[in-house]
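Structure, as structure tokens:
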Amino acid sequence: MLDPLALLRLLQLSSPSLPIGAYAYSQGLETAVEAGWVSDEPTLSTWLREQLRSSIERVDLPVLVRLYRAVSSNDRRLVTHWCWSLLAMRETRELVGEECDRGRALARLLRDLGVDDSSEWAQRKDTPFVAMFAKAAVHWRVPLEAALYAYTWSWLENQTLAGIKLVPLGQVAGQRILLELSTSIPECCIRSQACSDQDIGGTLPALAIASSRHETQYTRLFRS
């Protein structure tokens, strides 16, 4: 059973009210809506499902597993290796910028909350959010599997909220999408833990194109 205090820290870490600016990013979804690729509840669900399976499961979560273990063993070389590897797998300037902006924001928050070694990360330009999420989970003794669930849920909730604003859709549609896609989270987390180093990586051309086009989109509500 998850320790009650660890559970509360996990809820705090995955809460959309955490002041790291996650709500400001759509990860190319804003351009997908503008282009008509996402226009209703089914197409939004499909867009997010593909990211969940081909990006979150194949990139974010396996790297989170490795960073969690590297932080736990205080292996700074491995931490640096996987930080740089993750940033290399972000395919556009905006996606790299989002990862590092959110990473520094979380590092500053952890520093102010007294989490060890966070000050150094708050000053760096190459601080991935995933690394700081791993650091917080280790510091607060959140088990790895629970951290994977929380990271995935937080991503799904934020992107669903962006989608219902952009399409736009009603709150009930958003809840249906969350109910539908959350059923895939347990299997994604299990498979991500079995992913070998050489199998880490995902290819989502539509996401990369949407993210690139967003940089010059005429009107924008989101930063990515």
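Identifiers in this document derive from the order of the structure tokens: chains are assigned A, B, ..., residues are numbered from 1 separately in each chain, and ligands are numbered from 1 in order of occurrence.
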Q) Which residues, written as number ranges by chain, have at least one atom at most 10 Å from Asp197 in chain A, with only C-alpha atoms counted and residues fewer than 5 positions away on the same chain left out? A) A: 62-63, 66
Dump C-alpha atoms for the selected residues as a PDB file, in the first residue's frame?
ATOM      1  CA  PRO A  62      11.108   4.961 -20.080  1.00  0.00           C
ATOM      2  CA  VAL A  63      13.333   8.002 -19.535  1.00  0.00           C
ATOM      3  CA  ARG A  66      15.923   5.675 -15.786  1.00  0.00           C
TER       4      ARG A  66
END
Q: Can you list, as a PyMOL selection string, all residues belonging to chain A that DSSP tags as helix (DSSP H, G or I)?
A: chain A and resi 4-14+22-24+29-34+41-72+76-89+93-112+118-123+129-139+144-166+171-182+185-194+197-199+205-214
Emit the selected residues as a compact mmCIF listing (two decimals), in the first residue's frame, including C-alpha atoms.
# COMPACT_ATOMS: atom_id res chain seq x y z
CA PRO A 4 -0.35 8.05 2.97
CA LEU A 5 2.14 10.93 3.03
CA ALA A 6 3.75 9.75 -0.21
CA LEU A 7 0.27 9.61 -1.76
CA LEU A 8 -0.41 13.20 -0.73
CA ARG A 9 2.93 14.33 -2.15
CA LEU A 10 2.11 12.47 -5.36
CA LEU A 11 -1.21 14.28 -5.65
CA GLN A 12 0.58 17.56 -5.04
CA LEU A 13 3.17 16.77 -7.72
CA SER A 14 0.58 15.84 -10.36
CA ALA A 22 1.84 23.35 -17.75
CA TYR A 23 -1.50 24.92 -18.69
CA ALA A 24 0.28 27.29 -21.10
CA LEU A 29 -2.52 20.76 -30.52
CA GLU A 30 -3.34 24.42 -31.18
CA THR A 31 -2.02 24.10 -34.73
CA ALA A 32 -3.77 20.76 -35.21
CA VAL A 33 -7.07 22.46 -34.38
CA GLU A 34 -6.26 25.42 -36.65
CA GLU A 41 -14.33 14.78 -29.55
CA PRO A 42 -13.35 11.69 -31.60
CA THR A 43 -10.44 13.40 -33.38
CA LEU A 44 -9.16 14.91 -30.11
CA SER A 45 -9.31 11.48 -28.49
CA THR A 46 -7.39 9.97 -31.41
CA TRP A 47 -4.75 12.73 -31.34
CA LEU A 48 -4.11 12.19 -27.64
CA ARG A 49 -4.21 8.39 -27.89
CA GLU A 50 -1.47 8.41 -30.52
CA GLN A 51 0.72 10.65 -28.36
CA LEU A 52 0.10 8.45 -25.34
CA ARG A 53 1.15 5.29 -27.17
CA SER A 54 3.92 6.59 -29.42
CA SER A 55 5.47 9.35 -27.32
CA ILE A 56 4.59 9.15 -23.62
CA GLU A 57 4.92 5.36 -23.46
CA ARG A 58 7.98 5.15 -25.72
CA VAL A 59 9.92 8.25 -24.65
CA ASP A 60 8.79 10.06 -21.51
CA LEU A 61 8.04 7.11 -19.27
CA PRO A 62 11.11 4.96 -20.08
CA VAL A 63 13.33 8.00 -19.53
CA LEU A 64 11.49 8.77 -16.29
CA VAL A 65 12.21 5.20 -15.14
CA ARG A 66 15.92 5.67 -15.79
CA LEU A 67 16.09 9.12 -14.21
CA TYR A 68 14.23 7.89 -11.13
CA ARG A 69 16.77 5.10 -10.67
CA ALA A 70 19.73 7.37 -11.40
CA VAL A 71 18.53 9.95 -8.89
CA SER A 72 17.89 7.19 -6.32
CA ARG A 76 25.00 12.17 -11.67
CA ARG A 77 26.57 10.85 -14.87
CA LEU A 78 23.49 8.82 -15.71
CA VAL A 79 21.19 11.71 -14.78
CA THR A 80 23.03 13.97 -17.21
CA HIS A 81 23.03 11.29 -19.90
CA TRP A 82 19.28 10.78 -19.79
CA CYS A 83 18.55 14.50 -19.52
CA TRP A 84 20.45 15.16 -22.73
CA SER A 85 18.97 12.08 -24.40
CA LEU A 86 15.45 13.28 -23.64
CA LEU A 87 16.07 16.77 -24.98
CA ALA A 88 17.57 15.25 -28.16
CA MET A 89 14.31 13.36 -28.69
CA ARG A 93 12.37 24.21 -30.68
CA GLU A 94 9.04 24.71 -28.92
CA LEU A 95 9.00 21.20 -27.47
CA VAL A 96 12.56 21.61 -26.17
CA GLY A 97 11.66 25.03 -24.80
CA GLU A 98 8.60 23.69 -23.02
CA GLU A 99 10.55 20.82 -21.47
CA CYS A 100 13.24 23.14 -20.12
CA ASP A 101 10.94 25.99 -19.08
CA ARG A 102 8.77 23.64 -17.05
CA GLY A 103 11.85 21.88 -15.72
CA ARG A 104 13.37 25.08 -14.40
CA ALA A 105 10.02 26.14 -12.96
CA LEU A 106 9.72 22.88 -11.06
CA ALA A 107 13.37 23.11 -9.97
CA ARG A 108 12.73 26.58 -8.52
CA LEU A 109 9.66 25.29 -6.72
CA LEU A 110 11.55 22.31 -5.30
CA ARG A 111 14.38 24.62 -4.23
CA ASP A 112 11.94 26.84 -2.37
CA SER A 118 17.48 21.79 -6.74
CA SER A 119 19.23 25.18 -6.82
CA GLU A 120 21.77 24.02 -9.39
CA TRP A 121 19.04 22.76 -11.72
CA ALA A 122 17.07 25.98 -11.38
CA GLN A 123 19.97 27.91 -12.92
CA PHE A 129 10.82 18.62 -16.53
CA VAL A 130 11.00 14.81 -16.45
CA ALA A 131 14.24 14.96 -14.45
CA MET A 132 12.76 17.29 -11.86
CA PHE A 133 9.65 15.15 -11.63
CA ALA A 134 11.89 12.15 -10.92
CA LYS A 135 13.86 14.13 -8.32
CA ALA A 136 10.68 15.18 -6.52
CA ALA A 137 9.28 11.64 -6.58
CA VAL A 138 12.48 10.20 -5.12
CA HIS A 139 12.74 12.93 -2.49
CA LEU A 144 8.35 4.42 -9.22
CA GLU A 145 5.15 2.85 -10.53
CA ALA A 146 3.01 5.47 -8.78
CA ALA A 147 5.21 8.22 -10.22
CA LEU A 148 4.67 6.84 -13.73
CA TYR A 149 0.90 6.85 -13.24
CA ALA A 150 0.94 10.41 -11.91
CA TYR A 151 3.14 11.75 -14.71
CA THR A 152 0.94 10.19 -17.39
CA TRP A 153 -2.30 11.35 -15.80
CA SER A 154 -0.99 14.89 -15.40
CA TRP A 155 -0.03 15.00 -19.10
CA LEU A 156 -3.38 13.59 -20.21
CA GLU A 157 -5.39 15.97 -18.06
CA ASN A 158 -3.46 19.04 -19.23
CA GLN A 159 -3.76 18.13 -22.90
CA THR A 160 -7.45 17.32 -22.59
CA LEU A 161 -8.05 20.69 -20.97
CA ALA A 162 -6.18 22.38 -23.82
CA GLY A 163 -8.29 20.48 -26.33
CA ILE A 164 -11.66 21.37 -24.86
CA LYS A 165 -10.65 25.05 -24.90
CA LEU A 166 -9.35 25.01 -28.45
CA GLN A 171 -16.52 19.66 -19.94
CA VAL A 172 -18.49 16.41 -20.27
CA ALA A 173 -16.67 15.61 -23.51
CA GLY A 174 -13.40 16.17 -21.70
CA GLN A 175 -14.44 13.81 -18.93
CA ARG A 176 -15.39 11.14 -21.48
CA ILE A 177 -11.96 11.44 -23.10
CA LEU A 178 -10.26 11.12 -19.71
CA LEU A 179 -12.33 8.06 -18.84
CA GLU A 180 -11.60 6.46 -22.19
CA LEU A 181 -7.87 7.11 -22.44
CA SER A 182 -7.05 6.56 -18.77
CA ILE A 185 -2.45 4.16 -18.69
CA PRO A 186 -1.76 0.99 -16.65
CA GLU A 187 -0.56 -0.96 -19.71
CA CYS A 188 1.50 2.01 -20.91
CA CYS A 189 3.26 2.21 -17.56
CA ILE A 190 3.94 -1.54 -17.50
CA ARG A 191 5.33 -1.59 -21.04
CA SER A 192 7.47 1.49 -20.39
CA GLN A 193 9.25 -0.29 -17.54
CA ALA A 194 10.12 -3.20 -19.85
CA ASP A 197 17.54 1.46 -23.90
CA GLN A 198 17.73 0.84 -27.63
CA ASP A 199 13.93 0.78 -27.97
CA PRO A 205 5.46 13.26 -37.80
CA ALA A 206 2.12 15.05 -37.42
CA LEU A 207 3.08 16.23 -33.93
CA ALA A 208 6.47 17.47 -35.14
CA ILE A 209 4.88 19.29 -38.09
CA ALA A 210 2.17 20.84 -35.90
CA SER A 211 4.74 21.96 -33.35
CA SER A 212 6.96 23.49 -36.05
CA ARG A 213 4.05 25.32 -37.68
CA HIS A 214 2.93 26.66 -34.30
Q. Distance CA of Gly36 in chain A-CA of Glu215 in chain A, one decimal place?
A. 17.4 Å
